[in-house]
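Dumped final_33.tsv below, it's TSV, C-alpha atoms:
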chain	number	residue	atom	x	y	z
A	160	MET	CA	-27.10	-15.64	0.72
A	161	THR	CA	-24.89	-14.04	3.36
A	162	THR	CA	-22.57	-11.13	2.64
A	163	VAL	CA	-19.85	-10.46	5.20
A	164	THR	CA	-18.93	-6.76	5.45
A	165	PRO	CA	-15.66	-6.21	7.37
A	166	LEU	CA	-15.29	-2.92	9.24
A	167	PHE	CA	-11.81	-1.69	10.15
A	168	GLY	CA	-10.61	1.37	12.03
A	169	PHE	CA	-7.99	2.42	14.53
A	170	TRP	CA	-10.36	4.49	16.69
A	171	PRO	CA	-13.08	2.41	18.46
A	172	HIS	CA	-15.42	5.38	19.04
A	173	VAL	CA	-15.42	6.22	15.33
A	174	THR	CA	-15.73	2.59	14.30
A	175	GLY	CA	-18.81	2.37	16.51
A	176	THR	CA	-20.34	5.47	14.92
A	177	VAL	CA	-19.77	4.11	11.41
A	178	ALA	CA	-21.09	0.67	12.39
A	179	ALA	CA	-24.33	2.22	13.62
A	180	ARG	CA	-24.69	4.09	10.33
A	181	LEU	CA	-24.06	0.99	8.24
A	182	LEU	CA	-26.57	-1.00	10.26
A	183	ALA	CA	-29.19	1.72	9.77
A	184	ASP	CA	-28.66	1.62	6.00
A	185	ARG	CA	-28.51	-2.15	5.66
A	186	PRO	CA	-29.83	-4.33	8.48
A	187	SER	CA	-27.18	-6.89	9.43
A	188	ARG	CA	-26.07	-8.86	12.43
A	189	LEU	CA	-23.20	-7.10	14.21
A	190	ILE	CA	-20.39	-9.31	15.48
A	191	THR	CA	-16.85	-8.74	16.75
A	192	TRP	CA	-13.95	-10.47	15.05
A	193	SER	CA	-12.32	-13.40	16.85
A	194	THR	CA	-11.07	-15.90	14.24
A	195	LEU	CA	-11.92	-16.69	10.64
A	196	ASP	CA	-13.13	-20.15	11.59
A	197	ASP	CA	-15.58	-18.64	14.08
A	198	LEU	CA	-16.75	-16.09	11.52
A	199	LEU	CA	-17.38	-18.73	8.85
A	200	ALA	CA	-19.22	-20.94	11.37
A	201	ILE	CA	-21.53	-18.05	12.32
A	202	ALA	CA	-22.04	-17.08	8.68
A	203	GLY	CA	-22.95	-20.66	7.77
A	204	ARG	CA	-25.70	-20.73	10.41
A	205	HIS	CA	-26.96	-17.17	9.88
A	206	ASP	CA	-29.70	-16.21	7.46
A	207	GLY	CA	-28.81	-12.62	6.54
A	208	ASP	CA	-25.84	-10.30	6.23
A	209	LEU	CA	-23.07	-9.82	8.78
A	210	LEU	CA	-21.16	-6.68	9.78
A	211	VAL	CA	-17.86	-7.68	11.39
A	212	VAL	CA	-15.94	-5.17	13.51
A	213	PHE	CA	-12.20	-5.86	13.57
A	214	PRO	CA	-9.70	-4.91	16.29
A	215	GLU	CA	-7.77	-1.64	16.04
A	216	THR	CA	-4.70	-3.28	14.47
A	217	GLY	CA	-6.62	-5.29	11.84
A	218	GLU	CA	-5.88	-4.78	8.13
A	219	PRO	CA	-8.12	-5.66	5.14
A	220	ASP	CA	-5.50	-7.48	3.07
A	221	ARG	CA	-4.70	-9.85	5.88
A	222	LEU	CA	-8.35	-10.87	5.94
A	223	ARG	CA	-8.44	-11.17	2.14
A	224	LEU	CA	-5.38	-13.41	2.18
A	225	ASP	CA	-6.90	-15.73	4.79
A	226	TRP	CA	-10.29	-15.72	3.05
A	227	ALA	CA	-8.70	-16.68	-0.28
A	228	THR	CA	-7.34	-19.88	1.25
A	229	ALA	CA	-10.43	-20.68	3.36
A	230	ASP	CA	-13.50	-22.73	2.46
A	231	PRO	CA	-16.54	-20.53	3.12
A	232	PRO	CA	-19.93	-22.24	3.48
A	233	PRO	CA	-22.16	-22.21	0.37
A	234	GLY	CA	-23.79	-18.82	-0.14
A	235	VAL	CA	-21.29	-16.91	2.05
A	236	SER	CA	-19.26	-14.19	0.34
A	237	LEU	CA	-16.86	-11.45	1.40
A	238	GLY	CA	-18.30	-8.02	0.66
A	239	ARG	CA	-16.62	-4.67	0.37
A	240	THR	CA	-14.24	-3.74	3.17
A	241	VAL	CA	-14.95	-0.52	5.03
A	242	THR	CA	-12.47	1.59	7.01
A	243	ALA	CA	-13.65	4.18	9.52
A	244	VAL	CA	-11.41	7.25	9.86
A	245	ALA	CA	-11.43	9.93	12.56
A	246	ALA	CA	-11.10	13.30	10.83
A	247	ASP	CA	-9.67	15.06	13.87
A	248	LEU	CA	-7.07	12.36	14.59
A	249	LEU	CA	-5.99	11.26	11.12
A	250	LEU	CA	-2.98	13.53	10.57
A	251	ASP	CA	-1.48	12.84	13.99
A	252	ALA	CA	-1.92	9.10	13.46
A	253	LEU	CA	-0.22	9.05	10.05
A	254	THR	CA	2.88	10.66	11.56
A	255	ASP	CA	2.90	8.55	14.75
A	256	GLU	CA	6.02	6.34	14.95
A	257	THR	CA	4.81	4.45	18.03
A	258	VAL	CA	5.28	0.71	17.53
A	259	LEU	CA	2.50	-1.44	18.95
A	260	PRO	CA	3.94	-4.59	20.60
A	261	GLU	CA	0.65	-6.48	20.19
A	262	THR	CA	1.10	-6.56	16.41
A	263	GLY	CA	4.16	-8.78	16.81
A	264	ASP	CA	5.67	-7.55	13.54
A	265	GLY	CA	6.99	-4.07	14.31
A	266	ARG	CA	4.10	-2.15	12.74
A	267	GLY	CA	3.60	1.34	14.10
A	268	ILE	CA	0.43	3.41	14.38
A	269	GLY	CA	1.25	5.32	11.18
A	270	ASP	CA	1.73	2.07	9.25
A	271	ILE	CA	-1.52	0.52	10.50
A	272	VAL	CA	-3.67	3.58	9.77
A	273	ALA	CA	-2.14	3.95	6.29
A	274	HIS	CA	-2.74	0.26	5.49
A	275	GLN	CA	-6.34	0.37	6.71
A	276	ILE	CA	-7.03	3.32	4.41
A	277	GLU	CA	-5.15	2.07	1.34
A	278	GLN	CA	-6.59	-1.43	1.47
A	279	ALA	CA	-10.23	-0.39	1.90
A	280	ASP	CA	-12.93	-0.55	-0.74
A	281	THR	CA	-14.87	2.19	1.07
A	282	ILE	CA	-13.53	4.83	3.48
A	283	VAL	CA	-15.94	6.58	5.83
A	284	LEU	CA	-14.72	9.86	7.31
A	285	ALA	CA	-16.32	10.73	10.65
A	286	ASP	CA	-16.15	13.68	13.07
A	287	LEU	CA	-15.59	16.26	10.33
A	288	PRO	CA	-15.32	19.85	11.57
A	289	ASP	CA	-18.65	21.65	11.07
A	290	ASP	CA	-17.10	25.11	11.15
A	291	ASP	CA	-14.16	24.51	8.77
A	292	PRO	CA	-15.29	23.36	5.31
A	293	TRP	CA	-11.81	23.95	3.85
A	294	GLU	CA	-10.25	21.50	6.32
A	295	ALA	CA	-13.01	18.99	5.64
A	296	ASP	CA	-12.34	19.21	1.90
A	297	ARG	CA	-8.60	18.90	2.51
A	298	LEU	CA	-9.08	15.63	4.39
A	299	ARG	CA	-11.33	14.27	1.63
A	300	VAL	CA	-8.68	15.10	-0.98
A	301	LEU	CA	-5.97	13.51	1.17
A	302	LEU	CA	-7.94	10.27	1.52
A	303	HIS	CA	-8.55	10.17	-2.21
A	304	ARG	CA	-4.83	10.58	-2.86
A	305	LEU	CA	-4.01	7.88	-0.30
A	306	ALA	CA	-6.53	5.45	-1.81
A	307	PRO	CA	-7.66	6.57	-5.27
A	308	TRP	CA	-9.20	3.14	-5.88
A	309	ALA	CA	-11.62	3.48	-2.95
A	310	ALA	CA	-14.89	5.34	-2.44
A	311	VAL	CA	-14.56	8.16	0.12
A	312	LEU	CA	-17.72	8.97	2.10
A	313	THR	CA	-18.70	10.78	5.27
A	314	ALA	CA	-20.70	9.36	8.13
A	315	ALA	CA	-23.63	11.49	6.95
A	316	ASP	CA	-23.84	9.73	3.58
A	317	THR	CA	-26.85	7.47	3.60
A	318	HIS	CA	-26.23	5.13	0.68
A	319	PRO	CA	-22.66	4.01	0.03
A	320	PRO	CA	-22.08	3.62	-3.72
A	321	ALA	CA	-21.43	0.25	-5.27
A	322	VAL	CA	-17.68	-0.15	-5.64
A	323	ALA	CA	-15.65	-3.02	-6.99
A	324	HIS	CA	-14.19	-4.86	-4.01
A	325	ARG	CA	-10.97	-6.82	-4.06
A	326	PRO	CA	-11.64	-10.49	-3.27
A	327	VAL	CA	-7.89	-11.21	-3.11
A	328	PRO	CA	-5.03	-9.04	-1.82
A	329	LEU	CA	-3.46	-6.54	-4.19
A	330	THR	CA	-1.28	-4.57	-1.81
A	331	PRO	CA	-0.86	-0.89	-2.78
A	332	VAL	CA	2.90	-1.14	-2.18
A	333	THR	CA	3.59	-3.61	-5.01
A	334	ARG	CA	0.51	-3.30	-7.24
A	335	GLY	CA	2.75	-1.52	-9.75
A	336	LEU	CA	4.36	-4.88	-10.57
A	337	ARG	CA	1.07	-5.86	-12.21
A	338	GLY	CA	0.84	-2.66	-14.21
A	339	ARG	CA	-1.53	-1.01	-11.72
A	340	PRO	CA	-1.00	2.55	-10.46
A	341	VAL	CA	0.52	2.89	-7.00
A	342	GLY	CA	-0.84	6.43	-6.70
A	343	LEU	CA	-2.00	9.51	-8.57
A	344	HIS	CA	0.34	12.03	-10.15
A	345	GLU	CA	-1.26	15.32	-9.12
A	346	PRO	CA	1.75	17.66	-8.70
A	347	LEU	CA	-0.36	20.80	-8.37
A	348	PRO	CA	-1.70	21.26	-4.83
A	349	VAL	CA	-5.41	20.83	-4.15
A	350	ASN	CA	-6.23	22.23	-0.72
A	351	GLY	CA	-2.51	21.90	-0.09
A	352	VAL	CA	-2.41	18.18	-0.93
A	353	VAL	CA	0.20	17.10	-3.49
A	354	SER	CA	0.64	13.61	-4.95
A	355	SER	CA	3.66	12.80	-7.09
A	356	VAL	CA	4.70	9.62	-8.92
A	357	PHE	CA	8.35	8.83	-9.71
A	358	LYS	CA	9.33	6.32	-12.40
A	359	ALA	CA	12.78	5.46	-13.71
A	360	ARG	CA	14.78	2.54	-15.12
A	361	ARG	CA	18.33	3.00	-13.82
A	362	PRO	CA	18.98	1.39	-10.43
A	363	PHE	CA	19.51	3.44	-7.31
A	364	HIS	CA	23.00	3.76	-5.89
A	365	PRO	CA	22.34	2.30	-2.40
A	366	GLU	CA	24.69	4.63	-0.53
A	367	ARG	CA	23.35	7.80	-2.17
A	368	LEU	CA	19.74	6.74	-1.64
A	369	HIS	CA	20.42	5.96	2.02
A	370	ALA	CA	22.07	9.36	2.51
A	371	ALA	CA	19.12	11.12	0.87
A	372	LEU	CA	16.35	9.43	2.89
A	373	ASP	CA	15.66	12.45	5.10
A	374	ASP	CA	15.33	14.68	2.04
A	375	VAL	CA	13.15	12.13	0.21
A	376	ILE	CA	10.56	11.85	2.98
A	377	ASP	CA	10.63	15.54	3.95
A	378	GLN	CA	7.05	16.87	3.88
A	379	VAL	CA	5.81	13.40	2.87
A	380	LEU	CA	2.85	11.97	4.80
A	381	ARG	CA	2.83	8.68	2.91
A	382	SER	CA	4.88	7.04	0.20
A	383	ARG	CA	4.78	3.57	-1.31
A	384	GLY	CA	5.87	1.51	-4.29
A	385	HIS	CA	8.78	-0.62	-5.41
A	386	LEU	CA	12.36	-0.02	-6.54
A	387	TRP	CA	15.65	-1.76	-7.18
A	388	LEU	CA	19.12	-1.26	-5.80
A	389	ALA	CA	22.20	-1.67	-7.99
A	390	SER	CA	23.82	-3.79	-5.28
A	391	ARG	CA	20.89	-6.25	-5.30
A	392	PRO	CA	19.89	-6.35	-8.98
A	393	GLU	CA	17.82	-9.54	-8.71
A	394	LEU	CA	15.47	-8.22	-5.99
A	395	VAL	CA	12.29	-6.17	-6.10
A	396	MET	CA	12.44	-3.96	-3.02
A	397	SER	CA	9.18	-2.74	-1.53
A	398	TRP	CA	9.22	0.84	-0.28
A	399	GLU	CA	6.74	2.48	2.05
A	400	SER	CA	6.73	5.22	4.62
A	401	ALA	CA	4.18	6.72	6.93
A	402	ALA	CA	5.93	7.88	10.08
A	403	THR	CA	9.15	6.04	9.14
A	404	PRO	CA	10.46	4.52	5.86
A	405	HIS	CA	10.59	0.76	5.31
A	406	LEU	CA	12.60	-0.98	2.60
A	407	ALA	CA	12.46	-4.76	2.27
A	408	PRO	CA	12.74	-7.54	-0.33
A	409	ALA	CA	9.33	-8.22	-1.85
A	410	SER	CA	10.00	-10.47	-4.83
A	411	VAL	CA	12.45	-11.14	-7.66
A	412	TRP	CA	12.60	-9.51	-11.07
A	413	LEU	CA	11.36	-11.62	-13.94
A	414	ALA	CA	14.43	-10.70	-16.00
A	415	GLY	CA	16.43	-13.34	-14.14
A	416	LEU	CA	13.88	-16.16	-14.31
A	417	SER	CA	13.99	-19.27	-16.44
A	418	ASP	CA	11.20	-19.91	-18.95
A	419	GLU	CA	9.78	-22.56	-16.63
A	420	ALA	CA	9.69	-20.18	-13.65
A	421	TRP	CA	8.23	-17.42	-15.83
A	422	ARG	CA	5.15	-19.56	-16.46
A	423	THR	CA	4.42	-19.72	-12.73
A	424	VAL	CA	4.09	-15.93	-12.43
A	425	HIS	CA	0.66	-14.31	-12.17
A	426	ALA	CA	-0.69	-13.51	-15.65
A	427	GLU	CA	-1.15	-9.79	-14.85
A	428	ARG	CA	2.49	-9.43	-13.89
A	429	ARG	CA	3.71	-11.27	-17.00
A	430	ILE	CA	1.58	-9.04	-19.24
A	431	ALA	CA	2.77	-5.87	-17.47
A	432	ALA	CA	6.39	-6.97	-17.85
A	433	ASP	CA	5.94	-7.80	-21.54
A	434	LEU	CA	4.34	-4.45	-22.31
A	435	ASP	CA	7.05	-2.46	-20.53
A	436	TRP	CA	10.08	-4.66	-21.26
A	437	ASP	CA	13.40	-2.89	-21.72
A	438	PRO	CA	16.16	-4.50	-23.84
A	439	TYR	CA	18.77	-3.74	-21.17
A	440	TYR	CA	16.93	-3.66	-17.85
A	441	GLY	CA	14.18	-6.18	-18.60
A	442	ASP	CA	11.29	-5.55	-16.20
A	443	ARG	CA	13.43	-3.79	-13.58
A	444	HIS	CA	12.24	-0.29	-12.77
A	445	HIS	CA	11.15	2.11	-10.02
A	446	HIS	CA	7.52	3.00	-9.40
A	447	LEU	CA	6.99	5.19	-6.33
A	448	ALA	CA	4.19	7.48	-5.15
A	449	PHE	CA	4.52	10.30	-2.61
A	450	ILE	CA	1.66	12.16	-0.89
A	451	GLY	CA	2.02	15.17	1.38
A	452	PHE	CA	1.05	18.75	2.18
A	453	ASP	CA	2.89	21.49	0.27
A	454	LEU	CA	5.22	18.85	-1.16
A	455	ASP	CA	7.66	20.12	-3.81
A	456	PRO	CA	7.53	17.47	-6.58
A	457	VAL	CA	10.33	19.06	-8.61
A	458	ARG	CA	12.75	18.99	-5.67
A	459	LEU	CA	11.67	15.44	-4.84
A	460	HIS	CA	12.26	14.19	-8.40
A	461	ARG	CA	15.65	15.91	-8.54
A	462	THR	CA	16.66	14.31	-5.25
A	463	LEU	CA	15.65	10.83	-6.44
A	464	THR	CA	17.24	11.29	-9.86
A	465	ALA	CA	20.53	12.23	-8.21
A	466	CYS	CA	20.44	8.84	-6.46
A	467	LEU	CA	20.38	6.89	-9.74
A	468	LEU	CA	23.58	5.41	-11.16
A	469	THR	CA	25.64	7.71	-13.33
A	470	ASP	CA	26.73	6.70	-16.83
A	471	GLU	CA	30.16	5.73	-15.51
A	472	GLU	CA	28.71	3.63	-12.68
A	473	LEU	CA	26.24	2.02	-15.07
A	474	SER	CA	29.07	1.00	-17.41
A	475	ARG	CA	30.59	-1.23	-14.71
A	476	GLY	CA	27.82	-3.79	-15.18
A	477	GLU	CA	26.16	-5.97	-12.56
A	478	ALA	CA	29.45	-7.30	-11.24
A	479	GLY	CA	30.54	-3.75	-10.44
A	480	TRP	CA	27.15	-2.74	-9.08
A	481	ARG	CA	27.18	-5.54	-6.53
A	482	ARG	CA	30.41	-4.13	-5.06
A	483	LEU	CA	28.87	-0.71	-4.36
A	484	PRO	CA	28.65	0.20	-0.65
A	485	ASP	CA	25.17	-0.74	0.60
A	486	PRO	CA	24.24	0.58	4.07
A	487	PHE	CA	20.70	-0.83	4.01
A	488	PRO	CA	20.27	-3.75	6.44
A	489	ARG	CA	20.33	-7.20	4.92
A	490	THR	CA	17.72	-8.70	7.21
A	491	SER	CA	16.24	-12.16	6.94
A	492	THR	CA	13.93	-12.24	3.94
A	493	GLY	CA	11.85	-15.18	5.06
A	494	GLY	CA	12.14	-16.73	1.60
A	495	LEU	CA	10.81	-13.67	-0.16
A	496	THR	CA	13.81	-13.48	-2.46
A	497	VAL	CA	12.55	-16.52	-4.33
A	498	ARG	CA	8.90	-15.48	-4.59
A	499	VAL	CA	7.81	-14.09	-7.91
A	500	ASP	CA	4.44	-12.81	-6.69
A	501	PRO	CA	4.82	-10.71	-3.52
A	502	PRO	CA	2.73	-11.42	-0.43
A	503	PRO	CA	0.42	-8.68	0.93
A	504	HIS	CA	3.03	-7.38	3.39
A	505	PRO	CA	6.63	-8.32	2.69
A	506	ALA	CA	8.78	-8.30	5.78

Would you mind giving the structure from this file in structure tokens?
Amino acid sequence: MTTVTPLFGFWPHVTGTVAARLLADRPSRLITWSTLDDLLAIAGRHDGDLLVVFPETGEPDRLRLDWATADPPPGVSLGRTVTAVAADLLLDALTDETVLPETGDGRGIGDIVAHQIEQADTIVLADLPDDDPWEADRLRVLLHRLAPWAAVLTAADTHPPAVAHRPVPLTPVTRGLRGRPVGLHEPLPVNGVVSSVFKARRPFHPERLHAALDDVIDQVLRSRGHLWLASRPELVMSWESAATPHLAPASVWLAGLSDEAWRTVHAERRIAADLDWDPYYGDRHHHLAFIGFDLDPVRLHRTLTACLLTDEELSRGEAGWRRLPDPFPRTSTGGLTVRVDPPPHPA
């Protein structure tokens, strides 16, 4: 039996430190990622576990997606994904808008670091300050708010706990469509860290939401989830922000599907829609999470609520909603408007 443990991280020196620790705890062969075909070929010939170090821009869900459609040799399995995080560089990275051309898809440093953390099964925090326990605790709390489904460790921990790993992608941005939480609602600060979840049924007025973007992401380190715009009532829009906000079509709402198309939807999403079905809106709703330092959740919720349609606007119906001014770009959706189960990273 061969277990492949993928190791991600944006900072090579920290990834190396964590790799050495993992190898000391569980002897494995260390290899550097090239392609999935090469990895599976090595795993098929190797008797023992593998620790695979990915490049700085690698993301766990992209590997999971490829692995789910691959044909691993008998006895080869994908283990828990690990992300190495540099304690002294984390905050600067999450707010870094620099776009890396080598990604080819417009991802910036803040996006990559956030994805690596959120998609991990285990997060290992390295280079913690020895003389500032409050700051160390603050970073641990922040990581837990960013990825409440992951185990958060330090490089000094000797035995990582057993955690349930995700064999297939379940991106944090749209996991709410399957009834999963997109974040924790912890409105009271813990070491200054606040996490707030916003849910509502009424659609957003696109022009008011666009005008409020600066206020919405003020003091926010990371936000994610899905929403719907009154001007595009058939579309699930994915929302995420690290350094900058991104809004893009991710899927379609089940409310507009035929019975035949409904049966093609993932069972988890169908169950979640049934349990939360609204007679008027169907399965359409907002589910957003916001994480930041000294974030004011009351102000944030008031700002978002003010962007919802008023009673008068709501009374116009879908035909009237579609005529509302919509300043958000209508970029190419790459076919995503007809997908009922969103891919790991809608674009």

Separation of CA of Leu380 (chain A) from CA of Val173 (chain A) in Å: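 Taking CA of Val173 (chain A) as the start and CA of Leu380 (chain A) as the end point, the length is 21.9 Å.
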
Distance of CA of Pro214 (chain A) from CA of Trp192 (chain A), expressed in Å to one decimal place: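 Result for CA of Trp192 (chain A) versus CA of Pro214 (chain A): 7.1 Å, one decimal.
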
Non-local contacts of region 227-241 of chain A (6 Å; all atoms listed in the file; under 5 positions in same chain excluded) as a ChimeraX atom specification: /A:160-166,203,279-282,324

Please report as a tab-separated table every residue of region 303-373 of chain A lying within 9 Å of region 471-478 of chain A, along with the nearest atom pair and their distance in Å (one decimal), using only C-alpha atoms.
residue	atom	partner	partner_atom	distance
A:Arg361	CA	A:Leu473	CA	8.1
A:Pro362	CA	A:Leu473	CA	8.6
A:His364	CA	A:Glu472	CA	8.9

Give one line per residue of region 235-341 of chain A that approaches region 408-413 of chain A to at most 12 Å, naming the two atoms of the closest pair and their distance in Å to one decimal, counting all atoms listed in the file; sort by chain then ascending residue number and deliver it as a Markdown table.
| residue | atom | partner | partner_atom | distance |
| --- | --- | --- | --- | --- |
| A:Thr330 | CA | A:Ala409 | CA | 11.2 |
| A:Val332 | CA | A:Ala409 | CA | 9.6 |
| A:Thr333 | CA | A:Ala409 | CA | 8.0 |
| A:Arg334 | CA | A:Ala409 | CA | 11.4 |
| A:Leu336 | CA | A:Trp412 | CA | 9.5 |
| A:Arg337 | CA | A:Leu413 | CA | 11.9 |

Answer as a VMD selection string, residues within 10 Å of (12.3, 12.0, 6.0) using only C-alpha atoms: chain A and resid 371 to 380 400 to 404

For the selection just defined, write its residues with C-alpha atoms to a file, as a PDB file, in the frame of the given file.
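See part12.pdb below for the written result:
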ATOM      1  CA  ALA A 371      19.120  11.120   0.870  1.00  0.00           C
ATOM      2  CA  LEU A 372      16.350   9.430   2.890  1.00  0.00           C
ATOM      3  CA  ASP A 373      15.660  12.450   5.100  1.00  0.00           C
ATOM      4  CA  ASP A 374      15.330  14.680   2.040  1.00  0.00           C
ATOM      5  CA  VAL A 375      13.150  12.130   0.210  1.00  0.00           C
ATOM      6  CA  ILE A 376      10.560  11.850   2.980  1.00  0.00           C
ATOM      7  CA  ASP A 377      10.630  15.540   3.950  1.00  0.00           C
ATOM      8  CA  GLN A 378       7.050  16.870   3.880  1.00  0.00           C
ATOM      9  CA  VAL A 379       5.810  13.400   2.870  1.00  0.00           C
ATOM     10  CA  LEU A 380       2.850  11.970   4.800  1.00  0.00           C
ATOM     11  CA  SER A 400       6.730   5.220   4.620  1.00  0.00           C
ATOM     12  CA  ALA A 401       4.180   6.720   6.930  1.00  0.00           C
ATOM     13  CA  ALA A 402       5.930   7.880  10.080  1.00  0.00           C
ATOM     14  CA  THR A 403       9.150   6.040   9.140  1.00  0.00           C
ATOM     15  CA  PRO A 404      10.460   4.520   5.860  1.00  0.00           C
TER      16      PRO A 404
END

Neighbour list for Ala183 (chain A) as a PyMOL selection string, cut-off 12 Å, all atoms listed in the file, skip fewer than 2 positions in-chain: chain A and resi 176-181+185-189+210+314-319

Place a sphere of radius 10 Å on (18.2, 0.6, 7.7) in the file coordinates and name every protein, DNA or RNA residue with an atom inside or on its surface, counting only C-alpha atoms; give the answer as a short mmCIF file (atom, residue, chain, number, x, y, z; two decimals) with C-alpha atoms, in the frame of the given file.
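Contents of selection30.cif, freshly written:
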data_model
loop_
_atom_site.label_atom_id
_atom_site.label_comp_id
_atom_site.auth_asym_id
_atom_site.auth_seq_id
_atom_site.Cartn_x
_atom_site.Cartn_y
_atom_site.Cartn_z
CA HIS A 369 20.42 5.96 2.02
CA PRO A 404 10.46 4.52 5.86
CA HIS A 405 10.59 0.76 5.31
CA LEU A 406 12.60 -0.98 2.60
CA ALA A 407 12.46 -4.76 2.27
CA PRO A 486 24.24 0.58 4.07
CA PHE A 487 20.70 -0.83 4.01
CA PRO A 488 20.27 -3.75 6.44
CA ARG A 489 20.33 -7.20 4.92
CA THR A 490 17.72 -8.70 7.21
#

Residue nearest Leu329 (chain A) - candidates A:Val211, A:Leu248, A:Val356, A:Val341, atoms counted: all atoms listed in the file: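 Selected residue with least distance to Leu329 (chain A): A:Val341.
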
Grab all the atoms of region 266-283 of chain A that the file lists, wrap them in a box along x, y and z, add 4 Å per side, and give me centre plus edge lengths in Å (one decimal) as lines of an AutoDock Vina configuration file.
center_x = -5.9
center_y = 2.2
center_z = 6.8
size_x = 28.0
size_y = 16.7
size_z = 23.1

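CA of Arg367 (chain A) is positioned 5.3 Å from CA of Cys466 (chain A).
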
Residues within 12 Å of Pro171 (chain A), only C-alpha atoms, excluding chain neighbours under 2 positions, as a list in words: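 So, after excluding close chain neighbours, the residues are Leu166, Phe167, Gly168, Phe169, Val173, Thr174, Gly175, Thr176, Val177, Ala178, Thr191, Val212, Phe213, Pro214, Glu215, Thr216, Thr242, Ala243, Val244, Ala245 and Ala285 of chain A.
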
So that I can see what lies close to region 453-462 of chain A, please list as an mmCIF file with C-alpha atoms, in the frame of the given file the residues with an atom at most 7 Å from it, counting only C-alpha atoms and leaving out residues fewer than 5 positions away in the same chain.
data_model
loop_
_atom_site.group_PDB
_atom_site.id
_atom_site.type_symbol
_atom_site.label_atom_id
_atom_site.label_comp_id
_atom_site.auth_asym_id
_atom_site.auth_seq_id
_atom_site.Cartn_x
_atom_site.Cartn_y
_atom_site.Cartn_z
ATOM 1 C CA PRO A 346 1.750 17.660 -8.700
ATOM 2 C CA PRO A 348 -1.700 21.260 -4.830
ATOM 3 C CA GLY A 351 -2.510 21.900 -0.090
ATOM 4 C CA VAL A 352 -2.410 18.180 -0.930
ATOM 5 C CA VAL A 353 0.200 17.100 -3.490
ATOM 6 C CA SER A 355 3.660 12.800 -7.090
ATOM 7 C CA PHE A 357 8.350 8.830 -9.710
ATOM 8 C CA VAL A 375 13.150 12.130 0.210
ATOM 9 C CA GLN A 378 7.050 16.870 3.880
ATOM 10 C CA VAL A 379 5.810 13.400 2.870
#

Test item: residues at most 12 Å from Leu298 (chain A), all atoms listed in the file, excluding those fewer than 6 positions along its chain, as a list in words: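 So the residues in contact are Val244, Ala245, Ala246, Asp247, Leu248, Leu249, Leu250, Ile282, Val283, Leu284, Ala285, Asp286, Leu287, Pro288, Asp291, Pro292, Arg304, Leu305, Val311, Leu312, Thr313, Val349, Asn350, Gly351, Val352, Gly451 and Phe452 of chain A.
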
Nearest to Gln278 (chain A) by atom-to-atom distance, counting only C-alpha atoms, from A:Arg299, A:His385, A:His446, A:Arg223: A:Arg223

Generate the coordinates of N, CA, C and O atoms for region 473-481 of chain A; report them as a short mmCIF file (atom, residue, chain, number, x, y, z; two decimals), keeping the file's coordinate frame.
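See rebuild_9.cif below for the written result:
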data_model
loop_
_atom_site.label_atom_id
_atom_site.label_comp_id
_atom_site.auth_asym_id
_atom_site.auth_seq_id
_atom_site.Cartn_x
_atom_site.Cartn_y
_atom_site.Cartn_z
N LEU A 473 27.05 2.97 -14.31
CA LEU A 473 26.24 2.02 -15.07
C LEU A 473 27.13 1.14 -15.95
O LEU A 473 26.86 -0.06 -16.14
N SER A 474 28.20 1.72 -16.49
CA SER A 474 29.07 1.00 -17.41
C SER A 474 29.83 -0.14 -16.74
O SER A 474 30.38 -1.01 -17.43
N ARG A 475 29.87 -0.17 -15.42
CA ARG A 475 30.59 -1.23 -14.71
C ARG A 475 29.87 -2.57 -14.78
O ARG A 475 30.48 -3.61 -14.50
N GLY A 476 28.58 -2.55 -15.10
CA GLY A 476 27.82 -3.79 -15.18
C GLY A 476 27.45 -4.33 -13.81
O GLY A 476 27.87 -3.80 -12.77
N GLU A 477 26.68 -5.43 -13.81
CA GLU A 477 26.16 -5.97 -12.56
C GLU A 477 27.27 -6.38 -11.60
O GLU A 477 27.13 -6.23 -10.38
N ALA A 478 28.35 -6.89 -12.12
CA ALA A 478 29.45 -7.30 -11.24
C ALA A 478 29.99 -6.10 -10.46
O ALA A 478 30.29 -6.21 -9.26
N GLY A 479 30.09 -4.95 -11.12
CA GLY A 479 30.54 -3.75 -10.44
C GLY A 479 29.49 -3.18 -9.51
O GLY A 479 29.81 -2.66 -8.43
N TRP A 480 28.23 -3.27 -9.92
CA TRP A 480 27.15 -2.74 -9.08
C TRP A 480 27.10 -3.46 -7.73
O TRP A 480 26.87 -2.84 -6.70
N ARG A 481 27.30 -4.76 -7.77
CA ARG A 481 27.18 -5.54 -6.53
C ARG A 481 28.26 -5.16 -5.51
O ARG A 481 28.10 -5.43 -4.32
#
